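Trainee: Handing over final10.cif, mmCIF, C-alpha atoms.
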data_data
loop_
_atom_site.label_atom_id
_atom_site.label_comp_id
_atom_site.auth_asym_id
_atom_site.auth_seq_id
_atom_site.Cartn_x
_atom_site.Cartn_y
_atom_site.Cartn_z
CA MET A 1 17.49 12.00 25.96
CA GLU A 2 17.86 15.05 28.23
CA ASN A 3 19.00 18.52 27.26
CA LYS A 4 22.70 17.90 26.91
CA THR A 5 22.76 14.90 24.60
CA SER A 6 24.59 15.49 21.33
CA LYS A 7 22.92 15.34 17.95
CA LEU A 8 24.97 12.30 17.04
CA SER A 9 23.84 10.32 20.05
CA ILE A 10 20.20 11.18 19.27
CA LEU A 11 20.82 9.90 15.76
CA LEU A 12 22.54 6.68 16.83
CA ASN A 13 20.05 6.08 19.61
CA GLY A 14 17.37 5.23 17.08
CA ILE A 15 19.48 2.82 15.10
CA ILE A 16 20.47 0.32 17.79
CA LYS A 17 19.65 1.20 21.39
CA GLU A 18 16.12 2.32 20.63
CA ASN A 19 15.62 0.57 17.32
CA PRO A 20 11.86 0.97 16.86
CA VAL A 21 11.25 -2.48 15.42
CA LEU A 22 13.78 -4.70 17.17
CA VAL A 23 13.99 -3.04 20.60
CA LEU A 24 10.87 -0.95 21.16
CA LEU A 25 8.78 -3.50 19.22
CA LEU A 26 6.74 -0.76 17.55
CA GLY A 27 5.47 -0.84 13.97
CA THR A 28 5.40 -4.62 13.93
CA CYS A 29 2.53 -4.91 11.45
CA PRO A 30 4.14 -3.00 8.55
CA ALA A 31 7.49 -4.58 9.45
CA LEU A 32 6.12 -8.08 8.98
CA ALA A 33 3.89 -7.29 6.02
CA THR A 34 6.28 -5.33 3.83
CA SER A 35 9.56 -7.11 4.52
CA SER A 36 9.00 -9.96 2.06
CA SER A 37 11.68 -8.46 -0.19
CA VAL A 38 14.59 -6.05 0.25
CA ALA A 39 13.18 -3.44 -2.12
CA ASN A 40 9.78 -3.41 -0.39
CA GLY A 41 11.30 -3.28 3.09
CA ILE A 42 13.60 -0.39 2.25
CA GLY A 43 10.89 1.42 0.27
CA MET A 44 8.53 1.17 3.22
CA GLY A 45 11.29 2.21 5.62
CA LEU A 46 12.24 5.28 3.61
CA SER A 47 8.60 6.33 3.12
CA ALA A 48 8.03 6.09 6.88
CA THR A 49 11.31 7.94 7.51
CA ALA A 50 10.26 10.83 5.27
CA VAL A 51 6.96 11.10 7.11
CA LEU A 52 8.65 10.74 10.50
CA ILE A 53 11.21 13.51 9.90
CA CYS A 54 8.60 15.95 8.57
CA SER A 55 5.99 15.19 11.23
CA ASN A 56 8.57 15.31 14.04
CA MET A 57 9.76 18.74 12.89
CA VAL A 58 6.28 20.21 12.44
CA ILE A 59 5.00 18.80 15.72
CA SER A 60 8.07 20.08 17.52
CA LEU A 61 7.59 23.49 15.91
CA LEU A 62 3.97 23.61 17.04
CA ARG A 63 4.52 22.03 20.45
CA ASN A 64 3.74 25.29 22.27
CA VAL A 65 0.74 26.10 20.09
CA ILE A 66 -1.12 22.80 20.20
CA PRO A 67 -3.30 22.54 23.32
CA ASP A 68 -2.81 19.33 25.28
CA LYS A 69 -6.45 18.29 24.95
CA VAL A 70 -6.44 18.01 21.18
CA ARG A 71 -2.82 17.04 20.65
CA ILE A 72 -3.51 13.52 19.39
CA PRO A 73 -6.01 14.67 16.68
CA CYS A 74 -3.57 17.42 15.71
CA TYR A 75 -0.71 14.93 15.39
CA ILE A 76 -2.84 12.56 13.36
CA VAL A 77 -3.91 15.33 10.96
CA ILE A 78 -0.31 16.44 10.46
CA ILE A 79 0.95 12.87 10.02
CA ALA A 80 -1.92 12.00 7.65
CA GLY A 81 -1.09 15.08 5.59
CA PHE A 82 2.52 14.02 5.13
CA VAL A 83 1.53 10.42 4.43
CA THR A 84 -0.82 11.56 1.68
CA VAL A 85 1.96 13.67 0.18
CA VAL A 86 4.27 10.63 0.21
CA GLN A 87 1.49 8.55 -1.35
CA PHE A 88 0.98 11.04 -4.20
CA VAL A 89 4.71 11.29 -4.82
CA LEU A 90 5.19 7.52 -4.87
CA GLN A 91 2.19 7.03 -7.13
CA ALA A 92 3.50 9.63 -9.54
CA TYR A 93 7.22 8.84 -9.58
CA VAL A 94 7.66 5.24 -8.31
CA PRO A 95 4.47 3.47 -9.43
CA SER A 96 6.03 0.01 -9.09
CA LEU A 97 6.77 0.54 -5.39
CA TYR A 98 3.34 2.10 -4.93
CA ALA A 99 1.74 -1.00 -6.43
CA SER A 100 3.69 -3.44 -4.24
CA LEU A 101 3.24 -1.54 -0.96
CA GLY A 102 -0.42 -0.88 -1.70
CA LEU A 103 -2.54 -0.44 1.39
CA PHE A 104 0.48 -0.13 3.68
CA ILE A 105 1.26 3.40 2.50
CA PRO A 106 -1.97 4.97 3.84
CA LEU A 107 -1.52 2.80 6.94
CA ILE A 108 1.67 4.72 7.80
CA VAL A 109 -0.78 7.25 9.31
CA VAL A 110 -1.46 4.91 12.19
CA ASN A 111 2.08 3.53 12.38
CA CYS A 112 2.79 3.62 16.10
CA VAL A 113 6.46 4.42 15.51
CA ILE A 114 5.51 7.83 14.15
CA LEU A 115 2.84 8.68 16.71
CA GLY A 116 5.06 7.25 19.44
CA ARG A 117 7.96 9.55 18.52
CA ALA A 118 5.62 12.53 18.30
CA GLU A 119 4.45 11.90 21.85
CA ALA A 120 7.73 10.76 23.36
CA PHE A 121 10.20 13.05 21.69
CA ALA A 122 8.97 15.75 19.33
CA ASN A 123 6.59 17.47 21.74
CA LYS A 124 9.32 17.86 24.35
CA ASN A 125 12.36 18.75 22.22
CA THR A 126 13.58 21.39 19.80
CA VAL A 127 12.98 21.26 16.05
CA ILE A 128 16.58 20.31 15.21
CA ASP A 129 16.74 17.56 17.84
CA SER A 130 13.40 16.21 16.64
CA ALA A 131 14.64 16.13 13.06
CA PHE A 132 17.69 14.12 14.14
CA ASP A 133 15.49 11.81 16.19
CA GLY A 134 13.32 11.33 13.09
CA ILE A 135 16.34 10.49 10.95
CA GLY A 136 17.74 8.09 13.56
CA ILE A 137 14.52 6.26 14.29
CA GLY A 138 13.66 6.23 10.58
CA LEU A 139 17.02 4.73 9.68
CA GLY A 140 16.60 2.16 12.44
CA PHE A 141 13.19 1.25 11.03
CA THR A 142 14.59 1.08 7.48
CA LEU A 143 17.60 -1.02 8.51
CA ALA A 144 15.45 -3.47 10.46
CA LEU A 145 13.02 -3.83 7.55
CA GLY A 146 15.89 -4.08 5.07
CA ALA A 147 17.57 -6.81 7.14
CA MET A 148 14.33 -8.77 7.45
CA GLY A 149 13.67 -8.29 3.75
CA LEU A 150 17.18 -9.46 2.86
CA ILE A 151 16.87 -12.68 4.86
CA ARG A 152 13.33 -13.41 3.70
CA GLU A 153 14.01 -12.65 0.04
CA LEU A 154 17.28 -14.60 0.00
CA PHE A 155 15.87 -17.78 1.53
CA GLY A 156 12.29 -17.42 0.34
CA ALA A 157 12.80 -16.48 -3.30
CA GLY A 158 16.54 -17.07 -3.70
CA THR A 159 17.15 -13.51 -4.89
CA ILE A 160 18.52 -10.22 -3.62
CA LEU A 161 16.98 -7.13 -5.20
CA GLY A 162 15.74 -9.41 -7.99
CA PHE A 163 19.12 -11.01 -8.79
CA THR A 164 19.10 -14.78 -8.38
CA ILE A 165 21.58 -16.01 -5.77
CA ILE A 166 20.16 -19.38 -4.77
CA PRO A 167 18.66 -21.67 -7.45
CA GLU A 168 14.91 -22.06 -7.18
CA GLN A 169 14.92 -25.71 -6.10
CA PHE A 170 16.80 -24.85 -2.88
CA THR A 171 14.56 -22.01 -1.71
CA VAL A 172 12.12 -22.26 1.20
CA SER A 173 8.95 -20.39 0.27
CA PHE A 174 8.00 -20.43 3.98
CA PHE A 175 10.26 -17.40 4.49
CA GLY A 176 8.27 -15.28 2.08
CA LEU A 177 5.00 -15.97 3.89
CA ALA A 178 3.68 -14.55 7.17
CA PRO A 179 4.97 -17.34 9.48
CA GLY A 180 8.45 -16.92 8.01
CA GLY A 181 8.17 -13.21 8.80
CA PHE A 182 7.53 -13.91 12.49
CA PHE A 183 10.34 -16.44 12.50
CA VAL A 184 12.91 -14.03 11.06
CA TYR A 185 11.63 -11.23 13.28
CA GLY A 186 12.08 -13.31 16.43
CA ILE A 187 15.58 -14.40 15.44
CA LEU A 188 16.67 -10.82 14.70
CA ILE A 189 15.39 -9.64 18.10
CA ALA A 190 17.25 -12.51 19.76
CA LEU A 191 20.45 -11.71 17.84
CA LEU A 192 20.32 -8.01 18.73
CA ASN A 193 19.66 -8.92 22.34
CA ALA A 194 22.59 -11.31 22.38
CA ALA A 195 24.89 -8.81 20.69
CA THR A 196 24.10 -6.10 23.25
CA LYS A 197 24.12 -8.66 26.09
CA GLY A 198 20.51 -7.82 26.94
CA LYS A 199 21.29 -4.15 27.56
CA ALA A 200 19.18 -2.85 24.69
CA LEU A 201 16.02 -4.42 26.01
CA LYS A 202 16.63 -3.56 29.65
CA ALA A 203 17.60 0.07 29.13
CA LYS A 204 15.52 2.17 31.48
CA SER A 205 15.60 5.16 29.16
CA PHE A 206 12.63 3.89 27.21
CA SER A 207 10.82 1.85 29.86
CA CYS A 208 7.95 4.28 30.43
CA GLY A 209 9.02 7.55 28.87
CA VAL A 210 8.50 6.52 25.27
CA CYS A 211 5.00 5.20 25.80
CA PRO A 212 2.40 7.44 24.13
CA MET A 213 0.20 7.11 27.23
CA TYR A 214 2.98 8.05 29.62
CA SER A 215 1.67 11.45 30.68
CA SER A 216 -1.81 10.15 31.43
CA CYS A 217 -0.80 6.80 32.86
CA ASN A 218 -1.30 6.02 36.57
CA VAL A 219 1.26 3.24 36.60
CA ALA A 220 3.98 5.73 35.79
CA GLU A 221 3.01 7.92 38.74
CA ALA A 222 2.76 4.91 41.04
CA ASN A 223 6.20 3.76 39.94
CA GLU A 224 7.66 7.17 40.67
CA GLU A 225 6.10 7.16 44.13
CA ILE A 226 7.59 3.77 44.87
CA LEU A 227 10.97 4.95 43.64
CA GLU A 228 10.77 8.06 45.81
CA LYS A 229 9.84 6.04 48.88
CA GLY A 230 12.69 3.68 48.17
CA ALA A 231 15.08 6.58 47.90
CA ALA A 232 13.81 8.07 51.18
CA LYS A 233 14.47 4.84 53.05
CA MET B 1 -13.23 36.70 34.35
CA LYS B 2 -11.47 33.53 35.34
CA ASN B 3 -14.36 31.48 33.96
CA ASN B 4 -13.98 33.19 30.61
CA ASP B 5 -10.31 32.34 30.57
CA ASN B 6 -11.08 28.72 31.30
CA ALA B 7 -13.70 28.56 28.59
CA TYR B 8 -11.20 30.00 26.14
CA HIS B 9 -8.48 27.52 27.05
CA ASN B 10 -10.77 24.53 27.35
CA PHE B 11 -12.96 24.97 24.30
CA VAL B 12 -12.12 27.84 21.96
CA LYS B 13 -8.37 27.45 21.62
CA PRO B 14 -8.33 23.69 20.95
CA ILE B 15 -11.02 24.07 18.30
CA VAL B 16 -9.34 27.02 16.62
CA VAL B 17 -5.93 25.31 16.57
CA LEU B 18 -7.27 22.02 15.24
CA VAL B 19 -9.33 23.72 12.54
CA ALA B 20 -6.37 25.87 11.53
CA ILE B 21 -4.11 22.81 11.25
CA CYS B 22 -6.74 21.00 9.18
CA PHE B 23 -7.01 23.96 6.79
CA VAL B 24 -3.26 24.29 6.34
CA VAL B 25 -2.91 20.54 5.70
CA THR B 26 -5.83 20.61 3.24
CA PHE B 27 -4.32 23.42 1.18
CA ALA B 28 -0.89 21.83 1.22
CA LEU B 29 -2.40 18.57 -0.05
CA ALA B 30 -4.38 20.35 -2.74
CA TYR B 31 -1.15 21.94 -3.94
CA VAL B 32 0.75 18.63 -4.04
CA TYR B 33 -2.17 16.92 -5.76
CA GLY B 34 -2.18 19.63 -8.40
CA ILE B 35 1.42 18.79 -9.23
CA THR B 36 1.17 14.99 -9.13
CA ALA B 37 -2.33 14.39 -10.57
CA PRO B 38 -1.36 14.76 -14.27
CA ILE B 39 1.63 12.42 -13.80
CA ILE B 40 -0.54 9.85 -12.01
CA ALA B 41 -3.16 10.02 -14.78
CA GLU B 42 -0.43 9.50 -17.38
CA ASN B 43 0.93 6.48 -15.46
CA THR B 44 -2.55 4.96 -15.20
CA ALA B 45 -3.16 5.42 -18.92
CA LYS B 46 0.24 3.89 -19.66
CA ALA B 47 -0.48 0.88 -17.45
CA ALA B 48 -3.85 0.34 -19.16
CA ASN B 49 -2.15 0.61 -22.54
CA GLU B 50 0.45 -1.97 -21.50
CA ALA B 51 -2.34 -4.32 -20.43
CA ARG B 52 -3.95 -3.90 -23.87
CA THR B 53 -0.63 -4.49 -25.62
CA GLU B 54 -0.27 -7.73 -23.67
CA LEU B 55 -3.59 -8.93 -25.11
CA LEU B 56 -3.00 -7.69 -28.63
CA ALA B 57 0.74 -7.54 -29.31
CA ASP B 58 0.24 -6.74 -33.00
CA ALA B 59 -1.08 -3.29 -32.12
CA LYS B 60 2.45 -2.30 -30.98
CA GLY B 61 1.05 -0.33 -28.05
CA ALA B 62 -0.88 2.28 -30.04
CA PHE B 63 -4.61 2.34 -29.32
CA THR B 64 -7.45 4.78 -29.85
CA MET B 65 -10.53 4.87 -27.70
CA TYR B 66 -13.66 3.79 -29.55
CA ALA B 67 -16.03 4.03 -26.60
CA ASP B 68 -15.80 4.03 -22.81
CA GLU B 69 -17.95 4.78 -19.77
CA ASN B 70 -17.75 8.54 -20.38
CA SER B 71 -18.16 8.85 -24.12
CA ASN B 72 -20.06 6.98 -26.82
CA THR B 73 -21.67 4.82 -24.12
CA ASP B 74 -24.52 3.97 -26.51
CA LYS B 75 -22.04 2.14 -28.73
CA LEU B 76 -21.10 -0.34 -26.00
CA VAL B 77 -22.76 -3.73 -26.23
CA VAL B 78 -24.95 -4.96 -23.38
CA LEU B 79 -25.38 -8.72 -23.52
CA GLU B 80 -27.48 -8.97 -20.36
CA GLU B 81 -28.76 -5.84 -18.62
CA LYS B 82 -26.55 -5.03 -15.59
CA LYS B 83 -25.00 -8.50 -15.76
CA VAL B 84 -22.85 -8.73 -18.85
CA TYR B 85 -21.80 -5.52 -20.57
CA ALA B 86 -18.79 -3.88 -22.19
CA THR B 87 -17.28 -0.94 -20.30
CA ASP B 88 -14.74 0.21 -22.85
CA CYS B 89 -13.43 -0.60 -26.27
CA TYR B 90 -10.11 0.46 -27.80
CA THR B 91 -9.10 -0.15 -31.40
CA ALA B 92 -5.52 -0.59 -32.56
CA ASP B 93 -4.21 2.37 -34.54
CA ASN B 94 -2.69 0.06 -37.15
CA GLY B 95 -5.95 -1.82 -37.65
CA SER B 96 -4.67 -5.08 -36.20
CA GLY B 97 -7.66 -5.52 -33.92
CA MET B 98 -9.33 -4.23 -30.76
CA VAL B 99 -9.36 -4.77 -26.99
CA VAL B 100 -12.69 -4.81 -25.16
CA THR B 101 -13.15 -4.58 -21.39
CA VAL B 102 -16.24 -6.41 -20.17
CA LYS B 103 -17.90 -6.69 -16.78
CA SER B 104 -19.64 -10.00 -16.24
CA ASN B 105 -21.68 -11.34 -13.34
CA SER B 106 -19.87 -14.22 -11.64
CA TYR B 107 -20.14 -16.14 -8.37
CA GLY B 108 -18.81 -13.32 -6.17
CA GLY B 109 -20.26 -10.41 -8.17
CA LEU B 110 -19.08 -8.62 -11.27
CA LEU B 111 -15.70 -9.62 -12.61
CA THR B 112 -13.73 -7.53 -15.11
CA ALA B 113 -12.14 -9.21 -18.09
CA MET B 114 -10.15 -7.78 -20.99
CA ILE B 115 -10.42 -9.52 -24.33
CA GLY B 116 -8.17 -8.97 -27.33
CA ILE B 117 -9.69 -9.60 -30.78
CA ASP B 118 -7.70 -9.56 -34.01
CA LYS B 119 -8.81 -7.98 -37.29
CA ASP B 120 -10.45 -11.24 -38.45
CA GLY B 121 -12.68 -11.33 -35.38
CA ALA B 122 -10.82 -14.12 -33.58
CA VAL B 123 -9.92 -13.85 -29.88
CA THR B 124 -6.18 -13.37 -29.30
CA ALA B 125 -6.14 -13.50 -25.49
CA VAL B 126 -8.38 -13.18 -22.43
CA LYS B 127 -7.35 -11.81 -19.05
CA VAL B 128 -9.34 -11.32 -15.85
CA THR B 129 -8.21 -8.05 -14.28
CA ALA B 130 -10.53 -7.83 -11.26
CA HIS B 131 -12.86 -10.29 -9.54
CA SER B 132 -14.31 -11.28 -6.18
CA ASP B 133 -14.58 -15.02 -6.72
CA THR B 134 -13.34 -17.65 -4.27
CA PRO B 135 -9.55 -18.00 -4.52
CA GLY B 136 -8.57 -21.53 -5.45
CA VAL B 137 -12.10 -22.47 -6.58
CA GLY B 138 -13.64 -19.85 -8.87
CA THR B 139 -10.19 -18.60 -9.83
CA LYS B 140 -9.50 -21.93 -11.57
CA ALA B 141 -11.49 -20.49 -14.45
CA GLN B 142 -8.97 -17.63 -14.70
CA GLU B 143 -5.91 -19.81 -15.07
CA PRO B 144 -3.98 -19.47 -18.34
CA GLY B 145 -4.61 -23.14 -19.18
CA HIS B 146 -8.36 -22.60 -19.26
CA LEU B 147 -8.26 -19.18 -20.92
CA ALA B 148 -5.95 -20.47 -23.66
CA GLN B 149 -8.95 -22.33 -25.13
CA TYR B 150 -10.30 -18.99 -26.33
CA LYS B 151 -7.33 -18.27 -28.61
CA GLY B 152 -8.74 -18.27 -32.10
CA TYR B 153 -12.34 -18.47 -30.87
CA ASN B 154 -14.23 -16.44 -33.47
CA ALA B 155 -17.87 -17.53 -33.61
CA ILE B 156 -20.19 -17.75 -30.65
CA GLY B 157 -21.42 -21.34 -30.45
CA ASN B 158 -23.66 -20.60 -27.50
CA VAL B 159 -23.51 -17.93 -24.82
CA GLU B 160 -24.00 -20.67 -22.21
CA ILE B 161 -20.61 -22.32 -21.79
CA LYS B 162 -22.02 -25.82 -21.19
CA ALA B 163 -23.88 -25.68 -24.50
CA ASP B 164 -20.86 -24.50 -26.45
CA PRO B 165 -18.90 -27.44 -27.91
CA ALA B 166 -15.79 -25.34 -28.63
CA ILE B 167 -15.03 -24.57 -24.98
CA ASN B 168 -14.75 -26.88 -21.96
CA HIS B 169 -15.97 -25.42 -18.68
CA VAL B 170 -14.05 -25.92 -15.42
CA SER B 171 -15.91 -28.39 -13.26
CA GLY B 172 -16.34 -26.95 -9.77
CA ALA B 173 -16.06 -23.43 -11.19
CA SER B 174 -18.89 -23.54 -13.72
CA ILE B 175 -20.37 -20.18 -12.69
CA SER B 176 -17.02 -18.42 -12.95
CA SER B 177 -16.08 -20.07 -16.24
CA GLY B 178 -19.58 -19.29 -17.53
CA ALA B 179 -19.15 -15.63 -16.59
CA ILE B 180 -15.87 -15.44 -18.46
CA HIS B 181 -17.46 -17.19 -21.44
CA LYS B 182 -20.25 -14.61 -21.54
CA ALA B 183 -17.65 -11.85 -21.28
CA VAL B 184 -15.87 -13.23 -24.35
CA CYS B 185 -19.20 -13.50 -26.22
CA CYS B 186 -19.98 -9.91 -25.28
CA ALA B 187 -16.60 -8.81 -26.65
CA LEU B 188 -17.26 -10.65 -29.93
CA GLU B 189 -20.67 -8.96 -30.14
CA GLN B 190 -18.89 -5.66 -29.59
CA PHE B 191 -16.59 -6.49 -32.50
CA LYS B 192 -19.62 -7.14 -34.69
CA ALA B 193 -21.36 -3.97 -33.50
CA ASN B 194 -18.30 -1.95 -34.44
CA GLY B 195 -18.51 -3.48 -37.90
CA GLY B 196 -15.09 -5.06 -37.48
CA VAL B 197 -11.90 -3.04 -37.58
CA ASN B 198 -11.46 -0.41 -40.24
#
Would you write the structure of this file as structure tokens?
Mentor:
Amino acid sequence: MENKTSKLSILLNGIIKENPVLVLLLGTCPALATSSSVANGIGMGLSATAVLICSNMVISLLRNVIPDKVRIPCYIVIIAGFVTVVQFVLQAYVPSLYASLGLFIPLIVVNCVILGRAEAFANKNTVIDSAFDGIGIGLGFTLALGAMGLIRELFGAGTILGFTIIPEQFTVSFFGLAPGGFFVYGILIALLNAATKGKALKAKSFSCGVCPMYSSCNVAEANEEILEKGAAK
Amino acid sequence: MKNNDNAYHNFVKPIVVLVAICFVVTFALAYVYGITAPIIAENTAKAANEARTELLADAKGAFTMYADENSNTDKLVVLEEKKVYATDCYTADNGSGMVVTVKSNSYGGLLTAMIGIDKDGAVTAVKVTAHSDTPGVGTKAQEPGHLAQYKGYNAIGNVEIKADPAINHVSGASISSGAIHKAVCCALEQFKANGGVN
């Protein structure tokens, strides 16, 4: 995540190594609530991605203008602005998606993935890098939601994107409900962890640095002190 | 001098920046809203029209407003003041009937029902579009099986559902089924008040 990383690695970072939903465990609420079908999951993912790219770029652009004291309100106003734009656009051009996502569109404002990236990445990096980070993290979010939606829709309703795959009498409606969401979520995290042999979850690169409270957190300073002492010995 | 600098950085600059960002965002939103508002209004009207078509298929989707909350309010029937009243009424362009939206006081507050009436004054279909009744209890009165009783219902036996022999109320949901019954009666009164369909 330092100066020399290539655009591609920033992009790929968000998809697997720092997947917001499956590795950083951010944005869990919309991930569970809107992943009951593939179309909803991907729709939610793409809406959040659009907001994330725009807000990352604008926040990065204004990173030297916004005073530290009011940065969180500034970020929220910018993010809320983009979310409202997305809401208007969806309502006007994709009313069916707007109806099924409902309350979760305005709730993108407080989606911790977006605020988390603003704090952890956009206010420290250039506009272009922030845009790539937005695309990467957004795609990671979309893929995770799409995967959860695919599994839940297939086993819960027996369909994929509305096409029947499994006859109704063999479906398990449990998958479409909230407990099924947790179940699928847990299994996906376990699978990703197994596939990366635990590296994704242990990676130090996001341990403290991505936390929105990092700069004001005492634990971080204490950790650094301990590390320094250790190095001195 | 240093104090002034501090005051500027601590108080003035944050306020100015935040206010400026708010203004820019506000104007940007106003601009986007200006573009999307007409499309959203069109979508809403289309959705309402589809709901009406569902209740009165014979109208083939073409309706004209007879009265709603903004115009001709005096022509809307009030069965019980602030408890059971019509909020809008649309007539089919081809004269096949009308669709009336009624608010009626139920267990959890006002529910909204849409009632289709054909040109002979008989109910074609009833649908509850909004309510705050208990799911699984009061909502039993909104199930298609119960509402199907109203198909062909054309003369008010009694506005109280329990006293009306033509309709069976849902036991355990008598307030909700009574509210829907009054809504249907209100719609039939509206049909009479209009003088039928021309």
Trainee: At a cut-off of 7 Å, can you tabulate as a Markdown table every residue of chain A near chain B together with its closest atom pair and the distance in Å to one decimal, using all atoms listed in the file and ordering rows by chain then number?
Mentor:
| residue | atom | partner | partner_atom | distance |
| --- | --- | --- | --- | --- |
| A:Ile66 | CA | B:Val17 | CA | 6.5 |
| A:Pro67 | CA | B:Pro14 | CA | 5.7 |
| A:Lys69 | CA | B:Pro14 | CA | 7.0 |
| A:Val70 | CA | B:Pro14 | CA | 6.0 |
| A:Cys74 | CA | B:Leu18 | CA | 5.9 |
| A:Val77 | CA | B:Cys22 | CA | 6.6 |
| A:Ile78 | CA | B:Val25 | CA | 6.8 |
| A:Gly81 | CA | B:Val25 | CA | 5.8 |
| A:Val85 | CA | B:Leu29 | CA | 6.6 |
| A:Phe88 | CA | B:Thr36 | CA | 6.3 |
| A:Val89 | CA | B:Thr36 | CA | 6.7 |
| A:Gln91 | CA | B:Ile40 | CA | 6.3 |
| A:Ala92 | CA | B:Ile40 | CA | 4.7 |
Trainee: What does the file look like for those residues with C-alpha atoms, as a PDB file, in the frame of the given file?
Mentor:
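Contents of the output file part21.pdb:
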ATOM      1  CA  ILE A  66      -1.120  22.800  20.200  1.00  0.00           C
ATOM      2  CA  PRO A  67      -3.300  22.540  23.320  1.00  0.00           C
ATOM      3  CA  LYS A  69      -6.450  18.290  24.950  1.00  0.00           C
ATOM      4  CA  VAL A  70      -6.440  18.010  21.180  1.00  0.00           C
ATOM      5  CA  CYS A  74      -3.570  17.420  15.710  1.00  0.00           C
ATOM      6  CA  VAL A  77      -3.910  15.330  10.960  1.00  0.00           C
ATOM      7  CA  ILE A  78      -0.310  16.440  10.460  1.00  0.00           C
ATOM      8  CA  GLY A  81      -1.090  15.080   5.590  1.00  0.00           C
ATOM      9  CA  VAL A  85       1.960  13.670   0.180  1.00  0.00           C
ATOM     10  CA  PHE A  88       0.980  11.040  -4.200  1.00  0.00           C
ATOM     11  CA  VAL A  89       4.710  11.290  -4.820  1.00  0.00           C
ATOM     12  CA  GLN A  91       2.190   7.030  -7.130  1.00  0.00           C
ATOM     13  CA  ALA A  92       3.500   9.630  -9.540  1.00  0.00           C
TER      14      ALA A  92
END
Trainee: Using atom CA of A:Ser60 and atom CA of A:Ser47 as the two end points, give the distance in Å to one decimal.
Mentor: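 Atom CA of A:Ser47 lies 19.9 Å from atom CA of A:Ser60.
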Trainee: Write out as a compact mmCIF listing (two decimals) with C-alpha atoms, in the coordinates of the input each polymer residue whose atoms come within 8 Å of A:Val184, counting only C-alpha atoms; drop sequence neighbours fewer than 3 positions from it.
Mentor:
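Generated file (around14.txt):
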# COMPACT_ATOMS: atom_id res chain seq x y z
CA MET A 148 14.33 -8.77 7.45
CA ILE A 151 16.87 -12.68 4.86
CA ARG A 152 13.33 -13.41 3.70
CA PHE A 175 10.26 -17.40 4.49
CA GLY A 180 8.45 -16.92 8.01
CA GLY A 181 8.17 -13.21 8.80
CA ILE A 187 15.58 -14.40 15.44
CA LEU A 188 16.67 -10.82 14.70
Trainee: Using the chain letters and numbering of this document, enumerate as an mmCIF file with C-alpha atoms, in the coordinates of the input the residues selected by the PyMOL selection byres ((chain B and resi 153) around 10).
Mentor:
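Generated file (out20.cif):
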data_model
loop_
_atom_site.group_PDB
_atom_site.id
_atom_site.type_symbol
_atom_site.label_atom_id
_atom_site.label_comp_id
_atom_site.auth_asym_id
_atom_site.auth_seq_id
_atom_site.Cartn_x
_atom_site.Cartn_y
_atom_site.Cartn_z
ATOM 1 C CA ILE B 117 -9.690 -9.600 -30.780
ATOM 2 C CA GLY B 121 -12.680 -11.330 -35.380
ATOM 3 C CA ALA B 122 -10.820 -14.120 -33.580
ATOM 4 C CA VAL B 123 -9.920 -13.850 -29.880
ATOM 5 C CA THR B 124 -6.180 -13.370 -29.300
ATOM 6 C CA ALA B 125 -6.140 -13.500 -25.490
ATOM 7 C CA ALA B 148 -5.950 -20.470 -23.660
ATOM 8 C CA GLN B 149 -8.950 -22.330 -25.130
ATOM 9 C CA TYR B 150 -10.300 -18.990 -26.330
ATOM 10 C CA LYS B 151 -7.330 -18.270 -28.610
ATOM 11 C CA GLY B 152 -8.740 -18.270 -32.100
ATOM 12 C CA ASN B 154 -14.230 -16.440 -33.470
ATOM 13 C CA ALA B 155 -17.870 -17.530 -33.610
ATOM 14 C CA ILE B 156 -20.190 -17.750 -30.650
ATOM 15 C CA GLY B 157 -21.420 -21.340 -30.450
ATOM 16 C CA ALA B 166 -15.790 -25.340 -28.630
ATOM 17 C CA ILE B 167 -15.030 -24.570 -24.980
ATOM 18 C CA VAL B 184 -15.870 -13.230 -24.350
ATOM 19 C CA CYS B 185 -19.200 -13.500 -26.220
ATOM 20 C CA LEU B 188 -17.260 -10.650 -29.930
#
Trainee: Excluding B:Ser104 and any residue of its chain fewer than 2 positions from it, enumerate the residues within 12 Å of it, using only C-alpha atoms, and give them as a PyMOL selection string.
Mentor: chain B and resi 78-87+101-102+106-114+128-133+175-187
Trainee: Excluding A:Val83 and its own-chain neighbours fewer than 2 positions away, which residues fall within 7 Å of it when counting all atoms listed in the file? Please give them as a ChimeraX atom specification.
Mentor: /A:51,79-81,85-87,106,108-109
